[in-house]
Amino acid sequence: MSEYFKPLPKPSPTSRPFWEAARKHELKLQKCGACNRFIYYPRDRCPNCFSDQLSWQPVSGRGKLYSYTTVHRASTRSFADAPYVLAIVELDEGPRMTTNMTVPQDQLKVGMPVTVVFDDVTKDHTLVKFKPA
Amino acid sequence: MSLKGKAAAIGIGELKPLKDPGEETPLRLMANVAAEAIADAGLEKKDIDGFLVGMPFADPGMIYPAAAAERLGINPRMLNVVDIGGASPAGMIWRAAAAIDAGMCNAVLCIVADLNRAGDQRVPTVSMQREFEAPYGMIGANCGYALIARRHMAEYGTTPQQMAKVAVDQRKNAVKNPLATFNDKEITIDDVLNSRMICDPLHIFEIVSPVSGGAAVIVASPDIAKRSKNPPVWLLGAGEYANHSTITYAPSITTSPIEVAAANAFKMAGLQPKDMDLVCPYDCYTITVIVSLEDAGFCKKGQGGPFVAEHDLTYAGDFPCNTHGGQLSFGQPGLAGGMSHVTEGIRQLMGRGGARQVKNASLGYVNGNGGIMSEQASLILERRS
C-alpha cells in the first residue's frame, strides 16, 4: 500500500466503537435508549434529549444521497490529488454523514439510493464511504 | 427588554483591501483603521470605553482583547473577542448596544483586521471536525457551500445562471466603489459560468477572494449620538441564531438559521422585510445571498433564484443589495469581509454612498453569516429624518 498523506481519524473514548466496527467492515451507530433516535457523529450524550443511555447498534448501511460536490481544487495540500466527490448521505436510520462517493458525479443524482463501502485507506484505518445502490 | 433605539453607529473606518500585504501586520492595520473610525465619529481615543475585536488568524493569541487594546492605548470598561466567524462584525454591533444599554460603557470600538492569503487554511478546527470531516476532504468553506448549492438546485430548481446573476449585479455596484478589490470592469453571466470550476457547481467568480485589510465601527450611546457630527444610524433590531457548525448536521442544509435571526430582528424593530430600502446580506458565495434573502423573508422559500434573476440588485435598481459590491467584489480581508456589509449599510444610511448612493435610504437590513451558514446575526438599521 502506498503512503497515505490525508488526514486520518484519531478515535476518542467516545468514538472508538465506530471506528473499530468500520475496521471490521460493519457500520454501527449510537442509539439513544431514552428517545430511540440514532446518532451520528458519536456523542457523549444524546444531542436530542441529553440522555446518557446510548448503545452501539448495527445499521443497514443504506441511505439516500442528500447532496454532493466534485472538489476540483482542494483547500489543503493533503487533497492535492483532487478531484474527489464529497457527499452528505442521509442514512435510512435518520442521521446524515459526511462521506465520499466512490464513483464520479456523472453517475450521481440527489436523492438516489446509496449503500456503504468500507475503504481500508491504511492498515489501521478504514473510512466509511458510499456508492450507488 | 429590547435594544431598539438604545445605541447608534456614528463612525466607520475601512481600509482598501490589499492583494499583497507585504510586511503589513493585523495590529498595524487595526491601528490605522481605528484612527480612521474614531476620527470619523468626531471622537478622541480617550472617549472609547468599550472594545470588541475579532481574532486575526494571522496573529492569534489567547486573552487577545487586552493585548490589542494595550497596543492601541485603549482602556476599556468592556472588552471581548467576538468569535462567530463571518457573523462576528454584525454580532459586535448588538453586543455593543447591549453593553451601552446596560450602562457598562458609552462608546464601543468594534474592530477587525487580518491578513488573508489564498491557500492558507490556518483556522484551527475542533476535534470532531478533524475526526469526522477532514478525512473525507470536508475542509474549508468552498465544499460546504457547494453542497448547499447542489441541494438547493435539486430541491427548488435554482439554476447556475440565477446564482451567477448575484455576482454580476454586485460587480456593477463594485465598479462604483473605489475601495473594492475588483472594480475595474463589469462581468456577465457567461463570464461567471465560464470561470474555473472550483467545487461543482461553484465557479471561482462565485467565491470570495482572500485579501488583507481592516474595518471598524463606533457604536455610541444616545447622548453621544445626539452630538455626533455624522447622522447617527440607530440599531432598531437584532437577532442571532445558530443550529449547527458543520453543514452535514444542520436540520436542513438549504434553510439557514437566518430564519430565526432575521425574524427576531424584524420583530424587535417592529418592521418587515418590505420596509427595507437596501439589504447587505453576507456573501461569501453567490448561493449564500439566495438562501439569505429567502430565509430573511424577502421572498418565498425556494424562490431566491428567480428573485435575484428578476430584480435589479444594483444601487440604482429595484432591490439594492450589497451596494459596495459584496465580498465577492470587495474581497474578503478575513473578518473585515463581514464588516464590509455593516459599514456599507451605515455608509448608505448616512448618505455617504457617493456614486452608488441609494436614493432616500432610511432603513437597511444587514446580515452576518459565520462558518457554513452556521452562526447568523441580523441587524435592522435606521437613519431618522
# chains A, B, ... in the order shown; residues from 1 in each chain; ligands from 1
call {"tool": "closest_atom_pairs", "arguments": {"of": "chain A", "to": "chain B", "cutoff": "8 Å", "atoms": "only C-alpha atoms", "output": "CSV"}}
result
residue,atom,partner,partner_atom,distance
A:Lys6,CA,B:Pro135,CA,6.5
A:Pro7,CA,B:Pro135,CA,4.8
A:Leu8,CA,B:Pro135,CA,5.3
A:Pro9,CA,B:Glu131,CA,4.3
A:Lys10,CA,B:Glu131,CA,6.0
A:Pro11,CA,B:Glu131,CA,7.3
A:Tyr41,CA,B:Phe132,CA,7.2
A:Tyr66,CA,B:Arg151,CA,7.2
A:Ser67,CA,B:Arg151,CA,5.4
A:Tyr68,CA,B:Leu147,CA,5.5
A:Thr69,CA,B:Asp200,CA,5.3
A:Thr70,CA,B:Asp200,CA,5.3
A:Val71,CA,B:Cys199,CA,4.5
A:His72,CA,B:Ile198,CA,5.2
A:Arg73,CA,B:Ile198,CA,5.4
A:Ala74,CA,B:Gly137,CA,7.8
A:Ser75,CA,B:Gly140,CA,5.9
A:Thr76,CA,B:Gln121,CA,6.9
A:Phe79,CA,B:Gly137,CA,6.9
A:Leu86,CA,B:Gly137,CA,6.8
A:Ala87,CA,B:Leu147,CA,7.4
A:Ile88,CA,B:Thr248,CA,6.3
A:Arg96,CA,B:Thr248,CA,6.3
A:Met97,CA,B:Thr248,CA,6.5
A:Thr98,CA,B:Thr248,CA,6.1
A:Thr99,CA,B:Tyr136,CA,5.7
A:Asn100,CA,B:Tyr136,CA,6.1
A:Val110,CA,B:Ala154,CA,6.5
A:Leu127,CA,B:Pro135,CA,7.8
call {"tool": "residues_around", "arguments": {"residues": "A:Asn36", "least_positions_apart": "3", "cutoff": "10 Å", "atoms": "only C-alpha atoms", "output": "list in words"}}
result
Gln30, Lys31, Cys32, Gly33, Ile39, Cys46, Cys49, Gln53 and Leu54 of chain A
call {"tool": "write_last_selection", "arguments": {"atoms": "C-alpha atoms", "output": "mmCIF file, in the first residue's frame"}}
result
data_model
loop_
_atom_site.group_PDB
_atom_site.id
_atom_site.type_symbol
_atom_site.label_atom_id
_atom_site.label_comp_id
_atom_site.auth_asym_id
_atom_site.auth_seq_id
_atom_site.Cartn_x
_atom_site.Cartn_y
_atom_site.Cartn_z
ATOM 1 C CA GLN A 30 -25.144 5.027 18.684
ATOM 2 C CA LYS A 31 -28.840 4.766 19.553
ATOM 3 C CA CYS A 32 -30.437 6.720 22.390
ATOM 4 C CA GLY A 33 -32.225 4.450 24.870
ATOM 5 C CA ILE A 39 -26.944 9.466 16.387
ATOM 6 C CA CYS A 46 -27.940 12.341 23.046
ATOM 7 C CA CYS A 49 -32.766 14.623 24.756
ATOM 8 C CA GLN A 53 -28.237 5.923 27.799
ATOM 9 C CA LEU A 54 -26.507 5.393 24.463
#
call {"tool": "closest_residue", "arguments": {"among": "A:Tyr40, A:Lys24, A:Asp52, A:Pro17", "to": "A:Lys123", "atoms": "only C-alpha atoms"}}
result
A:Lys24
call {"tool": "atom_distance", "arguments": {"atom1": "atom CA of B:Ser2", "atom2": "atom CA of B:Met268"}}
result
6.6 Å
call {"tool": "residues_around", "arguments": {"residues": "stretch 351-362 of chain B", "least_positions_apart": "3", "cutoff": "7 Å", "atoms": "only C-alpha atoms", "output": "VMD selection string"}}
result
chain B and resid 173 176 277 315 to 316 323 347 to 348 382 to 384
call {"tool": "residues_around", "arguments": {"residues": "A:Asn48", "least_positions_apart": "3", "cutoff": "9 Å", "atoms": "only C-alpha atoms", "output": "list of chain:residue names"}}
result
A:Cys32, A:Cys35, A:Arg37, A:Arg45, A:Ser51
call {"tool": "select_by_dssp", "arguments": {"residues": "chain A", "states": "strand (DSSP E)", "output": "PDB file with N, CA and C atoms, in the first residue's frame"}}
result
ATOM      1  N   LYS A  28     -21.839   0.779  12.535  1.00  0.00           N
ATOM      2  CA  LYS A  28     -22.580   0.834  13.804  1.00  0.00           C
ATOM      3  C   LYS A  28     -22.764   2.290  14.200  1.00  0.00           C
ATOM      4  N   LEU A  29     -23.946   2.597  14.705  1.00  0.00           N
ATOM      5  CA  LEU A  29     -24.220   3.941  15.211  1.00  0.00           C
ATOM      6  C   LEU A  29     -24.684   3.840  16.649  1.00  0.00           C
ATOM      7  N   GLN A  30     -24.546   4.948  17.359  1.00  0.00           N
ATOM      8  CA  GLN A  30     -25.144   5.027  18.684  1.00  0.00           C
ATOM      9  C   GLN A  30     -26.659   5.176  18.539  1.00  0.00           C
ATOM     10  N   LYS A  31     -27.390   4.562  19.484  1.00  0.00           N
ATOM     11  CA  LYS A  31     -28.840   4.766  19.553  1.00  0.00           C
ATOM     12  C   LYS A  31     -29.169   5.212  20.969  1.00  0.00           C
ATOM     13  N   CYS A  32     -30.053   6.205  21.077  1.00  0.00           N
ATOM     14  CA  CYS A  32     -30.437   6.720  22.390  1.00  0.00           C
ATOM     15  C   CYS A  32     -31.513   5.817  22.990  1.00  0.00           C
ATOM     16  N   PHE A  38     -31.267   7.390  16.402  1.00  0.00           N
ATOM     17  CA  PHE A  38     -29.885   7.083  16.045  1.00  0.00           C
ATOM     18  C   PHE A  38     -29.088   8.382  15.996  1.00  0.00           C
ATOM     19  N   ILE A  39     -27.787   8.271  16.221  1.00  0.00           N
ATOM     20  CA  ILE A  39     -26.944   9.466  16.387  1.00  0.00           C
ATOM     21  C   ILE A  39     -25.689   9.334  15.528  1.00  0.00           C
ATOM     22  N   LEU A  54     -26.795   5.621  25.877  1.00  0.00           N
ATOM     23  CA  LEU A  54     -26.507   5.393  24.463  1.00  0.00           C
ATOM     24  C   LEU A  54     -25.898   4.007  24.285  1.00  0.00           C
ATOM     25  N   SER A  55     -26.350   3.294  23.255  1.00  0.00           N
ATOM     26  CA  SER A  55     -25.768   1.972  22.968  1.00  0.00           C
ATOM     27  C   SER A  55     -25.384   1.919  21.493  1.00  0.00           C
ATOM     28  N   TRP A  56     -24.440   1.031  21.162  1.00  0.00           N
ATOM     29  CA  TRP A  56     -23.995   0.888  19.777  1.00  0.00           C
ATOM     30  C   TRP A  56     -24.811  -0.188  19.075  1.00  0.00           C
ATOM     31  N   GLN A  57     -25.389   0.151  17.912  1.00  0.00           N
ATOM     32  CA  GLN A  57     -26.272  -0.766  17.187  1.00  0.00           C
ATOM     33  C   GLN A  57     -25.808  -0.875  15.736  1.00  0.00           C
ATOM     34  N   PRO A  58     -25.833  -2.096  15.158  1.00  0.00           N
ATOM     35  CA  PRO A  58     -25.559  -2.202  13.727  1.00  0.00           C
ATOM     36  C   PRO A  58     -26.686  -1.553  12.929  1.00  0.00           C
ATOM     37  N   ARG A  62     -27.581   1.514   4.354  1.00  0.00           N
ATOM     38  CA  ARG A  62     -28.305   2.061   3.199  1.00  0.00           C
ATOM     39  C   ARG A  62     -28.805   3.472   3.514  1.00  0.00           C
ATOM     40  N   GLY A  63     -28.909   4.271   2.474  1.00  0.00           N
ATOM     41  CA  GLY A  63     -29.411   5.624   2.659  1.00  0.00           C
ATOM     42  C   GLY A  63     -29.652   6.293   1.325  1.00  0.00           C
ATOM     43  N   LYS A  64     -29.813   7.621   1.387  1.00  0.00           N
ATOM     44  CA  LYS A  64     -30.032   8.407   0.162  1.00  0.00           C
ATOM     45  C   LYS A  64     -28.955   9.477   0.049  1.00  0.00           C
ATOM     46  N   LEU A  65     -28.596   9.787  -1.189  1.00  0.00           N
ATOM     47  CA  LEU A  65     -27.606  10.834  -1.433  1.00  0.00           C
ATOM     48  C   LEU A  65     -28.274  12.186  -1.198  1.00  0.00           C
ATOM     49  N   TYR A  66     -27.882  12.875  -0.126  1.00  0.00           N
ATOM     50  CA  TYR A  66     -28.527  14.137   0.258  1.00  0.00           C
ATOM     51  C   TYR A  66     -27.959  15.303  -0.557  1.00  0.00           C
ATOM     52  N   SER A  67     -26.637  15.321  -0.726  1.00  0.00           N
ATOM     53  CA  SER A  67     -26.005  16.311  -1.617  1.00  0.00           C
ATOM     54  C   SER A  67     -24.587  15.852  -1.922  1.00  0.00           C
ATOM     55  N   TYR A  68     -23.993  16.466  -2.952  1.00  0.00           N
ATOM     56  CA  TYR A  68     -22.634  16.075  -3.328  1.00  0.00           C
ATOM     57  C   TYR A  68     -21.976  17.229  -4.081  1.00  0.00           C
ATOM     58  N   THR A  69     -20.661  17.210  -4.100  1.00  0.00           N
ATOM     59  CA  THR A  69     -19.907  18.161  -4.923  1.00  0.00           C
ATOM     60  C   THR A  69     -18.616  17.487  -5.379  1.00  0.00           C
ATOM     61  N   THR A  70     -18.209  17.806  -6.590  1.00  0.00           N
ATOM     62  CA  THR A  70     -16.875  17.395  -7.008  1.00  0.00           C
ATOM     63  C   THR A  70     -15.922  18.526  -6.658  1.00  0.00           C
ATOM     64  N   VAL A  71     -14.993  18.227  -5.777  1.00  0.00           N
ATOM     65  CA  VAL A  71     -13.989  19.222  -5.400  1.00  0.00           C
ATOM     66  C   VAL A  71     -12.875  19.154  -6.435  1.00  0.00           C
ATOM     67  N   TYR A  84     -12.174  14.956  -6.194  1.00  0.00           N
ATOM     68  CA  TYR A  84     -12.818  13.865  -5.458  1.00  0.00           C
ATOM     69  C   TYR A  84     -14.261  14.272  -5.202  1.00  0.00           C
ATOM     70  N   VAL A  85     -15.106  13.280  -4.942  1.00  0.00           N
ATOM     71  CA  VAL A  85     -16.527  13.580  -4.729  1.00  0.00           C
ATOM     72  C   VAL A  85     -16.830  13.548  -3.231  1.00  0.00           C
ATOM     73  N   LEU A  86     -17.094  14.728  -2.686  1.00  0.00           N
ATOM     74  CA  LEU A  86     -17.504  14.875  -1.294  1.00  0.00           C
ATOM     75  C   LEU A  86     -19.029  14.801  -1.252  1.00  0.00           C
ATOM     76  N   ALA A  87     -19.576  14.141  -0.249  1.00  0.00           N
ATOM     77  CA  ALA A  87     -21.028  13.955  -0.224  1.00  0.00           C
ATOM     78  C   ALA A  87     -21.579  13.981   1.190  1.00  0.00           C
ATOM     79  N   ILE A  88     -22.883  14.226   1.269  1.00  0.00           N
ATOM     80  CA  ILE A  88     -23.643  14.016   2.501  1.00  0.00           C
ATOM     81  C   ILE A  88     -24.647  12.916   2.195  1.00  0.00           C
ATOM     82  N   VAL A  89     -24.630  11.858   3.005  1.00  0.00           N
ATOM     83  CA  VAL A  89     -25.599  10.767   2.851  1.00  0.00           C
ATOM     84  C   VAL A  89     -26.542  10.790   4.039  1.00  0.00           C
ATOM     85  N   GLU A  90     -27.830  10.651   3.753  1.00  0.00           N
ATOM     86  CA  GLU A  90     -28.822  10.521   4.816  1.00  0.00           C
ATOM     87  C   GLU A  90     -29.148   9.044   4.964  1.00  0.00           C
ATOM     88  N   LEU A  91     -28.754   8.481   6.106  1.00  0.00           N
ATOM     89  CA  LEU A  91     -28.956   7.048   6.335  1.00  0.00           C
ATOM     90  C   LEU A  91     -30.444   6.736   6.528  1.00  0.00           C
ATOM     91  N   ARG A  96     -27.393  12.042   9.185  1.00  0.00           N
ATOM     92  CA  ARG A  96     -26.596  12.321   7.984  1.00  0.00           C
ATOM     93  C   ARG A  96     -25.116  12.155   8.311  1.00  0.00           C
ATOM     94  N   MET A  97     -24.362  11.752   7.279  1.00  0.00           N
ATOM     95  CA  MET A  97     -22.912  11.571   7.417  1.00  0.00           C
ATOM     96  C   MET A  97     -22.183  12.353   6.335  1.00  0.00           C
ATOM     97  N   THR A  98     -21.055  12.942   6.688  1.00  0.00           N
ATOM     98  CA  THR A  98     -20.111  13.454   5.699  1.00  0.00           C
ATOM     99  C   THR A  98     -19.324  12.254   5.174  1.00  0.00           C
ATOM    100  N   THR A  99     -19.187  12.153   3.846  1.00  0.00           N
ATOM    101  CA  THR A  99     -18.552  10.977   3.282  1.00  0.00           C
ATOM    102  C   THR A  99     -18.030  11.291   1.880  1.00  0.00           C
ATOM    103  N   ASN A 100     -17.527  10.270   1.238  1.00  0.00           N
ATOM    104  CA  ASN A 100     -17.146  10.362  -0.176  1.00  0.00           C
ATOM    105  C   ASN A 100     -17.955   9.357  -0.970  1.00  0.00           C
ATOM    106  N   PRO A 113     -30.697   6.187  -4.116  1.00  0.00           N
ATOM    107  CA  PRO A 113     -30.306   5.264  -3.055  1.00  0.00           C
ATOM    108  C   PRO A 113     -28.821   4.925  -3.131  1.00  0.00           C
ATOM    109  N   VAL A 114     -28.200   4.828  -1.956  1.00  0.00           N
ATOM    110  CA  VAL A 114     -26.766   4.539  -1.893  1.00  0.00           C
ATOM    111  C   VAL A 114     -26.524   3.460  -0.838  1.00  0.00           C
ATOM    112  N   THR A 115     -25.369   2.828  -0.946  1.00  0.00           N
ATOM    113  CA  THR A 115     -25.030   1.786   0.025  1.00  0.00           C
ATOM    114  C   THR A 115     -23.575   1.930   0.450  1.00  0.00           C
ATOM    115  N   VAL A 116     -23.276   1.457   1.661  1.00  0.00           N
ATOM    116  CA  VAL A 116     -21.982   1.721   2.268  1.00  0.00           C
ATOM    117  C   VAL A 116     -20.854   0.924   1.596  1.00  0.00           C
ATOM    118  N   VAL A 117     -19.668   1.525   1.578  1.00  0.00           N
ATOM    119  CA  VAL A 117     -18.436   0.888   1.098  1.00  0.00           C
ATOM    120  C   VAL A 117     -17.378   1.163   2.163  1.00  0.00           C
ATOM    121  N   PHE A 118     -16.617   0.144   2.544  1.00  0.00           N
ATOM    122  CA  PHE A 118     -15.562   0.367   3.540  1.00  0.00           C
ATOM    123  C   PHE A 118     -14.225   0.455   2.822  1.00  0.00           C
ATOM    124  N   ASP A 119     -13.540   1.584   3.021  1.00  0.00           N
ATOM    125  CA  ASP A 119     -12.288   1.835   2.312  1.00  0.00           C
ATOM    126  C   ASP A 119     -11.127   1.729   3.311  1.00  0.00           C
ATOM    127  N   ASP A 120     -10.360   0.651   3.208  1.00  0.00           N
ATOM    128  CA  ASP A 120      -9.205   0.464   4.102  1.00  0.00           C
ATOM    129  C   ASP A 120      -8.053   1.332   3.598  1.00  0.00           C
ATOM    130  N   THR A 126      -9.963   2.575   8.442  1.00  0.00           N
ATOM    131  CA  THR A 126     -10.988   2.332   7.433  1.00  0.00           C
ATOM    132  C   THR A 126     -11.944   3.515   7.428  1.00  0.00           C
ATOM    133  N   LEU A 127     -12.147   4.107   6.258  1.00  0.00           N
ATOM    134  CA  LEU A 127     -13.118   5.191   6.134  1.00  0.00           C
ATOM    135  C   LEU A 127     -14.432   4.633   5.584  1.00  0.00           C
ATOM    136  N   VAL A 128     -15.529   5.294   5.993  1.00  0.00           N
ATOM    137  CA  VAL A 128     -16.863   4.839   5.597  1.00  0.00           C
ATOM    138  C   VAL A 128     -17.317   5.670   4.399  1.00  0.00           C
ATOM    139  N   LYS A 129     -17.376   5.039   3.237  1.00  0.00           N
ATOM    140  CA  LYS A 129     -17.761   5.738   2.006  1.00  0.00           C
ATOM    141  C   LYS A 129     -19.007   5.091   1.416  1.00  0.00           C
ATOM    142  N   PHE A 130     -19.508   5.644   0.313  1.00  0.00           N
ATOM    143  CA  PHE A 130     -20.753   5.134  -0.271  1.00  0.00           C
ATOM    144  C   PHE A 130     -20.654   5.032  -1.789  1.00  0.00           C
ATOM    145  N   LYS A 131     -21.518   4.152  -2.362  1.00  0.00           N
ATOM    146  CA  LYS A 131     -21.655   4.026  -3.812  1.00  0.00           C
ATOM    147  C   LYS A 131     -23.148   3.908  -4.131  1.00  0.00           C
ATOM    148  N   PRO A 132     -23.541   4.157  -5.389  1.00  0.00           N
ATOM    149  CA  PRO A 132     -24.953   3.993  -5.733  1.00  0.00           C
ATOM    150  C   PRO A 132     -25.401   2.558  -5.424  1.00  0.00           C
TER     151      PRO A 132
END
call {"tool": "atom_distance", "arguments": {"atom1": "atom CA of A:Val103", "atom2": "atom CA of B:Thr254"}}
result
24.5 Å
call {"tool": "select_by_dssp", "arguments": {"residues": "chain A", "states": "helix (DSSP H, G or I)", "output": "NGL selection string"}}
result
:A and (16-23 or 77-79 or 105-107)
call {"tool": "write_last_selection", "arguments": {"atoms": "N, CA and C atoms", "output": "short mmCIF file (atom, residue, chain, number, x, y, z; two decimals), in the first residue's frame"}}
result
data_model
loop_
_atom_site.label_atom_id
_atom_site.label_comp_id
_atom_site.auth_asym_id
_atom_site.auth_seq_id
_atom_site.Cartn_x
_atom_site.Cartn_y
_atom_site.Cartn_z
N ARG A 16 -14.48 5.47 19.63
CA ARG A 16 -13.70 4.27 19.25
C ARG A 16 -14.56 3.12 18.71
N PRO A 17 -15.73 2.82 19.30
CA PRO A 17 -16.54 1.71 18.76
C PRO A 17 -16.92 1.92 17.29
N PHE A 18 -17.13 3.16 16.88
CA PHE A 18 -17.49 3.42 15.48
C PHE A 18 -16.36 3.00 14.56
N TRP A 19 -15.14 3.41 14.89
CA TRP A 19 -14.00 3.12 14.01
C TRP A 19 -13.59 1.64 14.09
N GLU A 20 -13.75 1.03 15.27
CA GLU A 20 -13.44 -0.40 15.39
C GLU A 20 -14.41 -1.22 14.55
N ALA A 21 -15.69 -0.83 14.52
CA ALA A 21 -16.67 -1.54 13.67
C ALA A 21 -16.33 -1.34 12.19
N ALA A 22 -15.99 -0.10 11.82
CA ALA A 22 -15.63 0.17 10.42
C ALA A 22 -14.44 -0.69 9.99
N ARG A 23 -13.49 -0.85 10.91
CA ARG A 23 -12.31 -1.68 10.63
C ARG A 23 -12.73 -3.10 10.27
N ARG A 77 -3.22 21.03 0.93
CA ARG A 77 -2.31 20.24 0.10
C ARG A 77 -2.56 18.74 0.25
N SER A 78 -3.13 18.32 1.40
CA SER A 78 -3.33 16.88 1.62
C SER A 78 -4.33 16.30 0.61
N PHE A 79 -5.16 17.15 0.00
CA PHE A 79 -6.08 16.66 -1.02
C PHE A 79 -5.68 17.18 -2.41
N GLN A 105 -19.25 12.12 -10.47
CA GLN A 105 -20.56 12.74 -10.26
C GLN A 105 -21.52 12.56 -11.43
N ASP A 106 -21.02 12.18 -12.61
CA ASP A 106 -21.98 11.96 -13.71
C ASP A 106 -22.84 10.72 -13.46
N GLN A 107 -22.49 9.94 -12.45
CA GLN A 107 -23.33 8.79 -12.09
C GLN A 107 -24.19 9.07 -10.86
#
call {"tool": "atom_distance", "arguments": {"atom1": "atom CA of B:Gly270", "atom2": "atom CA of B:Trp234"}}
result
13.9 Å
call {"tool": "decode", "arguments": {"residues": "stretch 29-94 of chain A", "atoms": "C-alpha atoms", "output": "short mmCIF file (atom, residue, chain, number, x, y, z; two decimals), in the first residue's frame"}}
result
data_model
loop_
_atom_site.label_atom_id
_atom_site.label_comp_id
_atom_site.auth_asym_id
_atom_site.auth_seq_id
_atom_site.Cartn_x
_atom_site.Cartn_y
_atom_site.Cartn_z
CA LEU A 29 -24.22 3.94 15.21
CA GLN A 30 -25.14 5.03 18.68
CA LYS A 31 -28.84 4.77 19.55
CA CYS A 32 -30.44 6.72 22.39
CA GLY A 33 -32.22 4.45 24.87
CA ALA A 34 -34.44 7.32 26.01
CA CYS A 35 -35.71 8.87 22.75
CA ASN A 36 -34.81 5.95 20.41
CA ARG A 37 -33.00 8.15 17.89
CA PHE A 38 -29.88 7.08 16.04
CA ILE A 39 -26.94 9.47 16.39
CA TYR A 40 -24.03 10.49 14.14
CA TYR A 41 -21.25 11.59 14.77
CA PRO A 42 -20.66 9.83 18.09
CA ARG A 43 -21.63 11.86 21.15
CA ASP A 44 -21.27 11.76 24.90
CA ARG A 45 -24.96 12.42 25.41
CA CYS A 46 -27.94 12.34 23.05
CA PRO A 47 -27.98 15.68 21.16
CA ASN A 48 -31.79 15.49 21.15
CA CYS A 49 -32.77 14.62 24.76
CA PHE A 50 -29.35 14.75 26.52
CA SER A 51 -29.71 11.21 27.87
CA ASP A 52 -26.50 9.27 28.52
CA GLN A 53 -28.24 5.92 27.80
CA LEU A 54 -26.51 5.39 24.46
CA SER A 55 -25.77 1.97 22.97
CA TRP A 56 -23.99 0.89 19.78
CA GLN A 57 -26.27 -0.77 17.19
CA PRO A 58 -25.56 -2.20 13.73
CA VAL A 59 -27.37 -0.29 10.96
CA SER A 60 -28.32 -1.12 7.37
CA GLY A 61 -25.60 0.82 5.55
CA ARG A 62 -28.31 2.06 3.20
CA GLY A 63 -29.41 5.62 2.66
CA LYS A 64 -30.03 8.41 0.16
CA LEU A 65 -27.61 10.83 -1.43
CA TYR A 66 -28.53 14.14 0.26
CA SER A 67 -26.00 16.31 -1.62
CA TYR A 68 -22.63 16.08 -3.33
CA THR A 69 -19.91 18.16 -4.92
CA THR A 70 -16.87 17.40 -7.01
CA VAL A 71 -13.99 19.22 -5.40
CA HIS A 72 -11.74 20.24 -8.29
CA ARG A 73 -9.41 22.33 -6.20
CA ALA A 74 -8.99 21.46 -2.54
CA SER A 75 -8.26 23.94 0.25
CA THR A 76 -5.32 21.92 1.59
CA ARG A 77 -2.31 20.24 0.10
CA SER A 78 -3.33 16.88 1.62
CA PHE A 79 -6.08 16.66 -1.02
CA ALA A 80 -3.90 17.84 -3.89
CA ASP A 81 -5.00 14.70 -5.78
CA ALA A 82 -8.43 16.35 -6.40
CA PRO A 83 -10.91 15.90 -7.99
CA TYR A 84 -12.82 13.86 -5.46
CA VAL A 85 -16.53 13.58 -4.73
CA LEU A 86 -17.50 14.87 -1.29
CA ALA A 87 -21.03 13.95 -0.22
CA ILE A 88 -23.64 14.02 2.50
CA VAL A 89 -25.60 10.77 2.85
CA GLU A 90 -28.82 10.52 4.82
CA LEU A 91 -28.96 7.05 6.34
CA ASP A 92 -32.24 5.11 6.37
CA GLU A 93 -31.97 5.24 10.18
CA GLY A 94 -32.05 9.07 10.09
#
